[in-house]
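Raw contents of input.csv, CSV, C-alpha atoms and all ligand atoms:
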chain,number,residue,atom,x,y,z
A,1,MET,CA,22.6,6.9,20.8
A,2,ALA,CA,19.6,5.2,22.3
A,3,ILE,CA,16.3,7.2,22.3
A,4,ILE,CA,14.2,4.6,24.0
A,5,THR,CA,15.4,1.7,26.2
A,6,LEU,CA,13.1,-0.8,27.9
A,7,LYS,CA,14.7,-3.5,30.0
A,8,ASN,CA,12.6,-6.4,31.3
A,9,VAL,CA,9.5,-4.2,31.5
A,10,THR,CA,6.3,-5.7,32.8
A,11,PHE,CA,3.0,-3.9,33.1
A,12,ILE,CA,0.2,-5.5,35.1
A,13,ARG,CA,-3.4,-4.0,35.5
A,14,ASN,CA,-6.3,-5.7,37.3
A,15,GLN,CA,-4.2,-8.9,37.7
A,16,LYS,CA,-3.7,-9.0,33.9
A,17,LYS,CA,-0.1,-9.1,32.5
A,18,ILE,CA,-0.7,-6.6,29.7
A,19,LEU,CA,3.1,-6.4,28.8
A,20,GLU,CA,5.6,-9.0,29.9
A,21,ASN,CA,9.4,-8.8,30.1
A,22,ILE,CA,9.8,-6.3,27.2
A,23,ASN,CA,13.3,-5.6,26.0
A,24,TRP,CA,13.5,-3.0,23.3
A,25,THR,CA,16.0,-0.4,22.2
A,26,VAL,CA,15.4,2.4,19.6
A,27,GLN,CA,18.4,4.2,18.3
A,28,LYS,CA,18.3,7.8,17.1
A,29,ASN,CA,17.0,8.2,13.5
A,30,GLU,CA,15.9,4.6,13.5
A,31,HIS,CA,12.2,4.5,12.5
A,32,TRP,CA,10.2,1.6,13.9
A,33,VAL,CA,7.0,-0.1,13.1
A,34,ILE,CA,5.1,-2.0,15.8
A,35,MET,CA,2.7,-4.7,14.7
A,36,GLY,CA,0.5,-7.0,16.7
A,37,ARG,CA,-3.0,-8.4,16.6
A,38,ASN,CA,-5.8,-6.7,18.5
A,39,GLY,CA,-5.2,-6.8,22.2
A,40,SER,CA,-1.5,-7.6,21.9
A,41,GLY,CA,-0.5,-4.6,24.0
A,42,LYS,CA,0.7,-2.0,21.4
A,43,SER,CA,-1.3,1.0,22.8
A,44,ASN,CA,-0.2,0.2,26.3
A,45,LEU,CA,3.4,0.0,25.2
A,46,ILE,CA,3.3,3.5,23.8
A,47,LYS,CA,1.5,4.8,26.9
A,48,LEU,CA,4.4,3.4,28.9
A,49,ILE,CA,6.8,5.4,26.7
A,50,MET,CA,4.8,8.5,27.1
A,51,ALA,CA,4.5,8.0,30.9
A,52,GLU,CA,0.7,7.8,30.7
A,53,ASN,CA,1.0,4.3,32.1
A,54,TRP,CA,3.5,3.4,34.9
A,55,LYS,CA,5.5,0.2,34.6
A,56,THR,CA,5.0,-2.5,37.2
A,57,SER,CA,8.7,-3.6,37.0
A,58,GLY,CA,11.7,-3.1,34.8
A,59,GLU,CA,13.6,0.0,33.6
A,60,ILE,CA,12.5,2.6,31.1
A,61,THR,CA,14.7,5.3,29.7
A,62,VAL,CA,13.3,7.7,27.1
A,63,LEU,CA,15.4,10.6,25.6
A,64,GLY,CA,17.7,10.3,28.6
A,65,THR,CA,14.9,10.4,31.1
A,66,ARG,CA,15.0,7.5,33.5
A,67,PHE,CA,11.5,6.8,34.7
A,68,GLY,CA,11.2,7.0,38.5
A,69,GLN,CA,14.3,9.2,38.8
A,70,ASP,CA,13.9,12.3,36.5
A,71,ARG,CA,11.0,14.7,35.9
A,72,ILE,CA,8.4,13.5,33.4
A,73,PRO,CA,6.6,16.7,32.2
A,74,GLU,CA,9.6,17.9,30.2
A,75,LEU,CA,9.8,14.5,28.5
A,76,ARG,CA,6.2,14.5,27.5
A,77,ALA,CA,6.8,17.8,25.7
A,78,LYS,CA,9.3,16.1,23.4
A,79,ILE,CA,6.9,13.3,22.3
A,80,GLY,CA,4.3,13.9,19.5
A,81,ILE,CA,1.4,11.6,19.3
A,82,VAL,CA,-1.2,10.9,16.6
A,83,GLY,CA,-3.9,8.4,17.4
A,84,SER,CA,-7.5,7.8,18.3
A,85,PHE,CA,-6.9,8.1,22.1
A,86,ILE,CA,-5.7,11.7,21.6
A,87,ALA,CA,-8.3,12.5,18.9
A,88,GLU,CA,-11.1,11.7,21.4
A,89,ARG,CA,-9.8,14.3,23.9
A,90,PHE,CA,-10.8,17.4,21.9
A,91,ARG,CA,-14.1,19.3,22.0
A,92,PRO,CA,-15.9,19.1,18.7
A,93,ASP,CA,-16.4,22.8,18.5
A,94,ILE,CA,-12.6,23.7,18.7
A,95,VAL,CA,-11.4,25.6,15.6
A,96,SER,CA,-8.7,23.7,13.6
A,97,GLU,CA,-5.8,26.1,14.1
A,98,ASN,CA,-6.6,26.3,17.9
A,99,LEU,CA,-6.4,22.5,18.0
A,100,VAL,CA,-3.1,22.6,16.3
A,101,LEU,CA,-1.8,25.2,18.7
A,102,THR,CA,-2.7,23.0,21.7
A,103,GLY,CA,0.3,20.9,20.7
A,104,LYS,CA,2.5,23.7,21.9
A,105,TYR,CA,1.0,23.3,25.4
A,106,ASN,CA,0.6,19.5,25.3
A,107,SER,CA,-3.0,19.9,26.3
A,108,SER,CA,-6.4,19.3,24.7
A,109,MET,CA,-7.7,22.9,25.3
A,110,LEU,CA,-6.1,26.3,25.1
A,111,TYR,CA,-5.9,27.3,28.8
A,112,LYS,CA,-3.2,29.9,28.3
A,113,ALA,CA,-3.6,33.2,26.5
A,114,PHE,CA,-2.2,32.9,23.0
A,115,SER,CA,-1.2,35.5,20.5
A,116,GLU,CA,-2.0,36.1,16.8
A,117,ASP,CA,1.7,35.2,16.2
A,118,ASP,CA,1.2,31.7,17.8
A,119,LEU,CA,-1.9,31.2,15.6
A,120,ALA,CA,0.2,32.2,12.6
A,121,VAL,CA,2.7,29.5,13.4
A,122,ALA,CA,0.0,26.9,13.7
A,123,ARG,CA,-1.6,28.0,10.4
A,124,GLU,CA,1.8,28.0,8.6
A,125,LEU,CA,2.4,24.4,9.9
A,126,MET,CA,-1.0,23.4,8.5
A,127,LYS,CA,-0.1,24.8,5.1
A,128,GLN,CA,3.2,23.0,5.1
A,129,ILE,CA,1.6,19.6,5.6
A,130,GLY,CA,-1.2,20.2,3.1
A,131,ALA,CA,-3.9,21.1,5.6
A,132,GLY,CA,-4.1,24.8,4.7
A,133,GLU,CA,-7.7,24.5,3.5
A,134,LEU,CA,-8.8,23.3,7.0
A,135,ILE,CA,-7.9,26.7,8.5
A,136,GLY,CA,-11.0,28.1,10.2
A,137,ARG,CA,-12.9,24.8,10.1
A,138,ILE,CA,-14.6,23.3,13.2
A,139,TYR,CA,-13.0,20.0,14.3
A,140,GLY,CA,-16.3,18.2,14.8
A,141,THR,CA,-17.3,18.8,11.2
A,142,LEU,CA,-14.1,17.3,9.7
A,143,SER,CA,-13.7,14.0,8.0
A,144,GLN,CA,-11.6,11.3,9.6
A,145,GLY,CA,-8.7,12.0,7.2
A,146,GLU,CA,-8.9,15.7,7.8
A,147,LYS,CA,-8.8,15.1,11.6
A,148,GLN,CA,-5.7,13.0,11.2
A,149,LEU,CA,-4.0,15.7,9.3
A,150,LEU,CA,-4.7,18.2,12.1
A,151,LEU,CA,-3.3,15.8,14.6
A,152,ILE,CA,-0.1,15.5,12.6
A,153,ALA,CA,0.2,19.3,12.4
A,154,ARG,CA,-0.5,19.4,16.2
A,155,SER,CA,2.2,16.9,17.0
A,156,LEU,CA,4.7,18.9,15.0
A,157,MET,CA,4.1,22.1,16.9
A,158,ILE,CA,6.6,21.1,19.5
A,159,LYS,CA,9.2,19.8,17.1
A,160,PRO,CA,9.1,16.4,18.7
A,161,GLU,CA,12.1,14.2,19.1
A,162,ILE,CA,9.8,11.2,19.0
A,163,LEU,CA,6.7,11.0,16.9
A,164,ILE,CA,4.3,8.2,17.7
A,165,LEU,CA,1.5,7.3,15.2
A,166,ASP,CA,-1.0,4.8,16.6
A,167,GLU,CA,-3.0,3.4,13.7
A,168,ALA,CA,-2.9,6.8,12.1
A,169,THR,CA,-4.3,5.6,8.8
A,170,ASN,CA,-7.5,4.3,10.4
A,171,GLY,CA,-10.5,5.5,8.4
A,172,LEU,CA,-8.4,7.0,5.7
A,173,ASP,CA,-9.2,6.2,2.1
A,174,LEU,CA,-6.6,4.8,-0.3
A,175,PHE,CA,-5.4,8.2,-1.4
A,176,ALA,CA,-5.4,9.9,1.9
A,177,LYS,CA,-3.4,7.0,3.3
A,178,SER,CA,-0.9,7.3,0.5
A,179,ARG,CA,-0.7,11.1,1.2
A,180,LEU,CA,-0.1,10.5,4.9
A,181,LEU,CA,2.8,8.1,4.1
A,182,THR,CA,4.3,10.7,1.8
A,183,GLN,CA,3.9,13.3,4.5
A,184,LEU,CA,5.7,11.0,6.9
A,185,HIS,CA,8.5,10.5,4.3
A,186,GLN,CA,8.8,14.3,4.1
A,187,ILE,CA,9.0,14.5,7.9
A,188,THR,CA,11.9,11.9,7.9
A,189,GLN,CA,13.8,14.2,5.5
A,190,LEU,CA,13.7,17.2,7.9
A,191,ALA,CA,17.1,18.3,9.4
A,192,ASP,CA,15.7,17.8,12.9
A,193,ALA,CA,13.5,14.8,12.0
A,194,PRO,CA,11.8,13.0,14.9
A,195,THR,CA,12.3,9.3,15.4
A,196,LEU,CA,9.1,7.6,14.2
A,197,ILE,CA,7.2,4.9,16.1
A,198,TYR,CA,4.5,3.7,13.7
A,199,ILE,CA,1.8,1.3,14.9
A,200,THR,CA,-0.2,-0.5,12.2
A,201,HIS,CA,-2.0,-3.7,11.3
A,202,HIS,CA,-1.1,-3.2,7.6
A,203,PRO,CA,2.3,-4.4,6.4
A,204,ASP,CA,1.7,-2.6,3.1
A,205,GLU,CA,2.2,0.7,5.0
A,206,ILE,CA,5.8,-0.3,5.9
A,207,THR,CA,7.7,2.0,3.5
A,208,ASP,CA,11.4,2.3,3.0
A,209,ASP,CA,11.4,5.0,5.7
A,210,PHE,CA,11.2,2.3,8.4
A,211,GLN,CA,14.4,0.3,9.3
A,212,LYS,CA,13.0,-1.9,12.1
A,213,LEU,CA,9.9,-3.9,13.1
A,214,LEU,CA,8.7,-5.1,16.4
A,215,PHE,CA,6.2,-7.9,16.6
A,216,LEU,CA,4.1,-8.2,19.7
A,217,ARG,CA,1.9,-11.1,20.7
A,218,ASP,CA,0.0,-11.5,24.0
A,219,GLY,CA,2.0,-8.7,25.6
A,220,LYS,CA,5.4,-10.2,24.6
A,221,VAL,CA,8.0,-9.4,21.9
A,222,VAL,CA,8.0,-12.3,19.6
A,223,ASN,CA,10.4,-10.9,17.0
A,224,SER,CA,12.3,-7.8,16.0
A,225,GLY,CA,14.5,-7.0,13.0
A,226,THR,CA,14.6,-5.4,9.6
A,227,PRO,CA,11.7,-5.5,7.1
A,228,ALA,CA,13.8,-7.8,4.9
A,229,GLN,CA,14.1,-10.3,7.8
A,230,LEU,CA,10.6,-10.1,9.0
A,231,LEU,CA,8.4,-9.5,6.0
A,232,THR,CA,8.5,-13.0,4.8
A,233,ALA,CA,5.7,-15.6,4.6
A,234,ASP,CA,7.5,-17.8,7.1
A,235,SER,CA,8.1,-15.1,9.7
A,236,LEU,CA,4.6,-13.7,9.3
A,237,THR,CA,3.0,-17.2,9.5
A,238,ASP,CA,4.9,-17.7,12.7
A,239,PHE,CA,3.9,-14.3,14.0
A,240,TYR,CA,0.2,-14.6,13.3
A,241,GLN,CA,0.1,-18.3,14.0
A,242,GLU,CA,-2.0,-18.7,10.9
A,243,PRO,CA,-0.7,-19.4,7.4
A,244,VAL,CA,-0.3,-16.3,5.3
A,245,GLN,CA,1.0,-15.4,1.8
A,246,ILE,CA,2.6,-12.2,0.7
A,247,GLU,CA,2.0,-10.2,-2.5
A,248,VAL,CA,4.6,-7.5,-3.2
A,249,VAL,CA,3.2,-4.7,-5.3
A,250,ASP,CA,5.5,-1.7,-6.1
A,251,GLY,CA,7.5,-2.4,-3.0
A,252,HIS,CA,4.5,-2.7,-0.7
A,253,HIS,CA,3.9,-6.0,1.1
A,254,PHE,CA,0.3,-7.1,1.2
A,255,VAL,CA,-0.3,-10.0,3.6
A,256,LEU,CA,-3.3,-12.3,3.0
A,257,PRO,CA,-4.5,-15.4,4.8
A,258,GLN,CA,-3.5,-18.4,2.7
A,259,LYS,CA,-6.2,-19.2,0.1
A,260,SER,CA,-7.3,-22.4,1.9
A,261,ASN,CA,-8.2,-20.2,5.0
A,262,LEU,CA,-10.4,-17.8,3.1
A,263,ILE,CA,-14.1,-18.4,3.4
A,301,LIG,N1,-6.9,-1.5,32.8
A,301,LIG,C1,-7.0,-2.8,32.2
A,301,LIG,N2,-7.3,-3.8,32.9
A,301,LIG,C2,-7.3,-5.1,32.3
A,301,LIG,N3,-7.0,-5.3,31.0
A,301,LIG,C3,-6.6,-4.3,30.3
A,301,LIG,C4,-6.6,-2.9,30.8
A,301,LIG,N4,-6.2,-2.1,29.8
A,301,LIG,C5,-6.0,-2.9,28.7
A,301,LIG,N5,-6.2,-4.2,29.0
A,301,LIG,C6,-6.1,-5.3,28.1
A,301,LIG,O1,-4.8,-5.3,27.7
A,301,LIG,C7,-4.7,-5.9,26.4
A,301,LIG,C8,-3.8,-5.0,25.5
A,301,LIG,O2,-4.5,-3.8,25.2
A,301,LIG,P1,-4.0,-2.7,24.1
A,301,LIG,O3,-5.0,-1.7,24.0
A,301,LIG,O4,-2.6,-2.3,24.5
A,301,LIG,O5,-3.9,-3.6,22.8
A,301,LIG,P2,-3.6,-3.2,21.3
A,301,LIG,O6,-2.5,-4.1,20.8
A,301,LIG,O7,-3.3,-1.7,21.2
A,301,LIG,O8,-5.0,-3.6,20.6
A,301,LIG,P3,-5.7,-3.0,19.3
A,301,LIG,O9,-5.0,-3.4,18.1
A,301,LIG,O10,-7.1,-3.6,19.4
A,301,LIG,O11,-5.8,-1.5,19.5
A,301,LIG,C9,-6.1,-6.0,25.9
A,301,LIG,O12,-6.5,-7.4,26.0
A,301,LIG,C10,-6.9,-5.2,26.8
A,301,LIG,O13,-8.2,-5.6,27.0
Could you write out this file's structure as structure tokens?
Ligand SMILES: Nc1ncnc2c1ncn2[C@@H]1O[C@H](COP(=O)(O)OP(=O)(O)OP(=O)(O)O)[C@@H](O)[C@H]1O
Amino acid sequence: MAIITLKNVTFIRNQKKILENINWTVQKNEHWVIMGRNGSGKSNLIKLIMAENWKTSGEITVLGTRFGQDRIPELRAKIGIVGSFIAERFRPDIVSENLVLTGKYNSSMLYKAFSEDDLAVARELMKQIGAGELIGRIYGTLSQGEKQLLLIARSLMIKPEILILDEATNGLDLFAKSRLLTQLHQITQLADAPTLIYITHHPDEITDDFQKLLFLRDGKVVNSGTPAQLLTADSLTDFYQEPVQIEVVDGHHFVLPQKSNLI
């Protein structure tokens, strides 16, 4: 069953073709990684899926909702998002568990009255993902890694069918990054696991949990396939248009510019 389908989708803003003729299908329980250099259109692609951006042409269907024909608010409630453009929307003085609870209402503030039971659910979720010690803390005082953990807990409040992580390991140290990838693995093992869409610049973060990769360049899909097909020196040299070499350590692919290109 297709969870996300884009057919010939183009997105233009201020005369700039930000995405051009995108064809992409995500099947249920197929976890994807999207890679692309800065400005290749990754964030705008996910904003299209979340209906934060509106396509210029083409067809988009997400979780059975055909954009332009069905109601969008219900759809937004089924998509969890972790990323800097969401992180920036919260007031620095919001208490951690209140921030997590906003996930239930798909907002950045708690406009509606909430009960102690609601807060208990948020706190329990924080404990489950290893963020229990952040209960009671003020968002603005948290480290980057702690903020990311809160956003993950927030995104799980709605039991999302799709979970999008946009450069979620930004600013995380080596160990926090490794913990995040382990947490994602645990999420993939849940009975009602969401489909993951994981945006990254770092091929070493592509764990066995991901079955498919999408490579974007200048707003176009340049390749898609399995990690075995695409995580090769040839394919990545073609993608980056610069010669690269790959070191595989413990199953993680580290991609480096070829030695002759290093200063
Ligand atoms: N409203 C706009 N008008 C004109 N150009 C825009 C607009 N919004 C985005 N762009 C451009 O579209 C391109 C794609 O942006 P996007 O943020 O999707 O890239 P990205 O792949 O997520 O980049 P990064 O890895 O740096 O986060 C960039 O060149 C950006 O400057």
To check your reading of the model: which residues sit at most 6 Å from ligand LIG 301 (chain A) when counting only C-alpha atoms and all ligand atoms? Write the answer as a PyMOL selection string. chain A and resi 13-14+16+18+36-44
Atoms to include: C-alpha atoms. Write the selected residues as an mmCIF file, keeping the file's coordinate frame.
data_model
loop_
_atom_site.group_PDB
_atom_site.id
_atom_site.type_symbol
_atom_site.label_atom_id
_atom_site.label_comp_id
_atom_site.auth_asym_id
_atom_site.auth_seq_id
_atom_site.Cartn_x
_atom_site.Cartn_y
_atom_site.Cartn_z
ATOM 1 C CA ARG A 13 -3.400 -4.000 35.500
ATOM 2 C CA ASN A 14 -6.300 -5.700 37.300
ATOM 3 C CA LYS A 16 -3.700 -9.000 33.900
ATOM 4 C CA ILE A 18 -0.700 -6.600 29.700
ATOM 5 C CA GLY A 36 0.500 -7.000 16.700
ATOM 6 C CA ARG A 37 -3.000 -8.400 16.600
ATOM 7 C CA ASN A 38 -5.800 -6.700 18.500
ATOM 8 C CA GLY A 39 -5.200 -6.800 22.200
ATOM 9 C CA SER A 40 -1.500 -7.600 21.900
ATOM 10 C CA GLY A 41 -0.500 -4.600 24.000
ATOM 11 C CA LYS A 42 0.700 -2.000 21.400
ATOM 12 C CA SER A 43 -1.300 1.000 22.800
ATOM 13 C CA ASN A 44 -0.200 0.200 26.300
#
Which neighbours of Asp250 (chain A) fall inside 12 Å, counting only C-alpha atoms, when residues of the same chain fewer than 6 positions from it are skipped, and could you give them as a list in words? Asp204, Glu205, Thr207 and Asp208 of chain A
Looking at only C-alpha atoms, which of A:Leu48, A:Val82, A:Val221, A:Ile4 is the one that sits closest to Asp166 (chain A)?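 Of A:Leu48, A:Val82, A:Val221, A:Ile4, the one nearest Asp166 (chain A) is A:Val82, counting only C-alpha atoms.
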Atom pair CA of Ala2 (chain A) / CA of Trp32 (chain A): separation (Å): 13.1 Å
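The shortest atom-to-atom distance to Ile138 (chain A), with only C-alpha atoms taken into account, belongs to A:Ser96 out of A:Ser96, A:Ser224, A:Ser155, A:Thr169.
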Taking all atoms listed in the file into account, name the residue in A:Asn98, A:Thr182, A:Ser108, A:Thr232 that is nearest to Phe85 (chain A).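 Comparing A:Asn98, A:Thr182, A:Ser108, A:Thr232 against Phe85 (chain A), the winner is A:Ser108.
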Within 8 Å of Met157 (chain A), counting all atoms listed in the file, which residues show up once you throw out same-chain ones fewer than 6 positions away? Write them as a VMD selection string, please. chain A and resid 100 to 101 103 to 104 122 125
Within 12 Å of Ser84 (chain A), counting all atoms listed in the file, which residues show up once you throw out same-chain ones fewer than 6 positions away? Write them as a list in words, please.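 Neighbouring residues, sequence-local ones excluded: Ser43, Phe90, Gln144, Gly145, Lys147, Gln148, Leu151, Ile164, Leu165, Asp166, Glu167, Ala168, Thr169, Asn170, Gly171 and Ile199 of chain A.
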Any chance you can output those residues with C-alpha atoms as an mmCIF file, in the frame of the given file?
data_model
loop_
_atom_site.group_PDB
_atom_site.id
_atom_site.type_symbol
_atom_site.label_atom_id
_atom_site.label_comp_id
_atom_site.auth_asym_id
_atom_site.auth_seq_id
_atom_site.Cartn_x
_atom_site.Cartn_y
_atom_site.Cartn_z
ATOM 1 C CA SER A 43 -1.300 1.000 22.800
ATOM 2 C CA PHE A 90 -10.800 17.400 21.900
ATOM 3 C CA GLN A 144 -11.600 11.300 9.600
ATOM 4 C CA GLY A 145 -8.700 12.000 7.200
ATOM 5 C CA LYS A 147 -8.800 15.100 11.600
ATOM 6 C CA GLN A 148 -5.700 13.000 11.200
ATOM 7 C CA LEU A 151 -3.300 15.800 14.600
ATOM 8 C CA ILE A 164 4.300 8.200 17.700
ATOM 9 C CA LEU A 165 1.500 7.300 15.200
ATOM 10 C CA ASP A 166 -1.000 4.800 16.600
ATOM 11 C CA GLU A 167 -3.000 3.400 13.700
ATOM 12 C CA ALA A 168 -2.900 6.800 12.100
ATOM 13 C CA THR A 169 -4.300 5.600 8.800
ATOM 14 C CA ASN A 170 -7.500 4.300 10.400
ATOM 15 C CA GLY A 171 -10.500 5.500 8.400
ATOM 16 C CA ILE A 199 1.800 1.300 14.900
#
Please provide as a PDB file with C-alpha atoms, in the frame of the given file all residues within 9 Å of Asn21 (chain A), with the sequence filter that same-chain residues fewer than 3 positions apart are discarded (counting all atoms listed in the file).
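Written file, selection-v8.pdb:
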ATOM      1  CA  LYS A   7      14.700  -3.500  30.000  1.00  0.00           C
ATOM      2  CA  ASN A   8      12.600  -6.400  31.300  1.00  0.00           C
ATOM      3  CA  VAL A   9       9.500  -4.200  31.500  1.00  0.00           C
ATOM      4  CA  THR A  10       6.300  -5.700  32.800  1.00  0.00           C
ATOM      5  CA  PHE A  11       3.000  -3.900  33.100  1.00  0.00           C
ATOM      6  CA  SER A  57       8.700  -3.600  37.000  1.00  0.00           C
ATOM      7  CA  GLY A  58      11.700  -3.100  34.800  1.00  0.00           C
ATOM      8  CA  GLY A 219       2.000  -8.700  25.600  1.00  0.00           C
ATOM      9  CA  LYS A 220       5.400 -10.200  24.600  1.00  0.00           C
ATOM     10  CA  VAL A 221       8.000  -9.400  21.900  1.00  0.00           C
TER      11      VAL A 221
END
Restricting to all atoms listed in the file, whichever of A:Asp192, A:Asp117, A:Glu124, A:Asp209 is closest to Glu30 (chain A) is A:Asp209
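Restricting the calculation to all atoms listed in the file, the smallest distance between Gln189 (chain A) and any of A:Ala51, A:Thr56, A:Ile22, A:Asn29 is found for A:Asn29.
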Between CA of Pro227 (chain A) and CA of Gln211 (chain A), what is the distance, to one decimal in Å?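 Rounded to one decimal, the two atoms are 6.8 Å apart.
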When you count only C-alpha atoms, which of these residues is closest to Leu142 (chain A): A:Leu119, A:Leu181, A:Met126, A:Ile94?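 Of A:Leu119, A:Leu181, A:Met126, A:Ile94, the one nearest Leu142 (chain A) is A:Ile94, counting only C-alpha atoms.
Note that the spacing between CA of Tyr111 (chain A) and CA of Glu74 (chain A) amounts to 18.2 Å.
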Could you give me, as a CSV table (one decimal) with C-alpha atoms, in the frame of the given file, the residues within 9 Å of His253 (chain A), counting only C-alpha atoms and dropping anything in the same chain fewer than 4 positions from it?
chain,number,residue,atom,x,y,z
A,202,HIS,CA,-1.1,-3.2,7.6
A,203,PRO,CA,2.3,-4.4,6.4
A,204,ASP,CA,1.7,-2.6,3.1
A,205,GLU,CA,2.2,0.7,5.0
A,206,ILE,CA,5.8,-0.3,5.9
A,231,LEU,CA,8.4,-9.5,6.0
A,246,ILE,CA,2.6,-12.2,0.7
A,247,GLU,CA,2.0,-10.2,-2.5
A,248,VAL,CA,4.6,-7.5,-3.2
A,249,VAL,CA,3.2,-4.7,-5.3
Within 12 Å of (-12.2, 29.5, 12.3) (coordinates as in the file), grab all the protein and nucleic acid residues, counting all atoms listed in the file, and write them out as a ChimeraX atom specification. /A:93-99,119,123,133-139,141
Residues within 7 Å of (3.5, 13.9, 31.8), file coordinates, counting all atoms listed in the file: what are they? Give the list as a VMD selection string. chain A and resid 51 to 52 72 to 73 76
Generate N, CA and C atoms for region 52-66 of chain A and emit them as a tab-separated table (two decimals), keeping the file's coordinate frame.
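Printed below is selection_18.tsv as written:
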chain	number	residue	atom	x	y	z
A	52	GLU	N	2.17	7.74	30.37
A	52	GLU	CA	0.70	7.80	30.70
A	52	GLU	C	0.38	6.58	31.54
A	53	ASN	N	1.11	5.49	31.31
A	53	ASN	CA	1.00	4.30	32.10
A	53	ASN	C	2.32	4.20	32.94
A	54	TRP	N	2.26	3.55	34.07
A	54	TRP	CA	3.50	3.40	34.90
A	54	TRP	C	3.82	1.92	34.97
A	55	LYS	N	5.03	1.58	34.58
A	55	LYS	CA	5.50	0.20	34.60
A	55	LYS	C	5.28	-0.48	35.93
A	56	THR	N	5.09	-1.78	35.93
A	56	THR	CA	5.00	-2.50	37.20
A	56	THR	C	6.42	-2.90	37.63
A	57	SER	N	7.25	-3.31	36.66
A	57	SER	CA	8.70	-3.60	37.00
A	57	SER	C	9.50	-3.41	35.73
A	58	GLY	N	10.83	-3.36	35.93
A	58	GLY	CA	11.70	-3.10	34.80
A	58	GLY	C	12.21	-1.71	34.76
A	59	GLU	N	12.99	-1.39	33.72
A	59	GLU	CA	13.60	0.00	33.60
A	59	GLU	C	13.17	0.56	32.25
A	60	ILE	N	12.77	1.84	32.30
A	60	ILE	CA	12.50	2.60	31.10
A	60	ILE	C	13.26	3.85	31.03
A	61	THR	N	13.97	4.07	29.92
A	61	THR	CA	14.70	5.30	29.70
A	61	THR	C	14.25	5.87	28.35
A	62	VAL	N	13.72	7.09	28.33
A	62	VAL	CA	13.30	7.70	27.10
A	62	VAL	C	13.95	9.07	26.96
A	63	LEU	N	14.67	9.30	25.87
A	63	LEU	CA	15.40	10.60	25.60
A	63	LEU	C	16.20	10.96	26.85
A	64	GLY	N	16.85	9.99	27.43
A	64	GLY	CA	17.70	10.30	28.60
A	64	GLY	C	17.04	10.38	29.89
A	65	THR	N	15.70	10.33	29.90
A	65	THR	CA	14.90	10.40	31.10
A	65	THR	C	14.69	9.03	31.69
A	66	ARG	N	15.22	8.76	32.87
A	66	ARG	CA	15.00	7.50	33.50
A	66	ARG	C	13.75	7.54	34.34
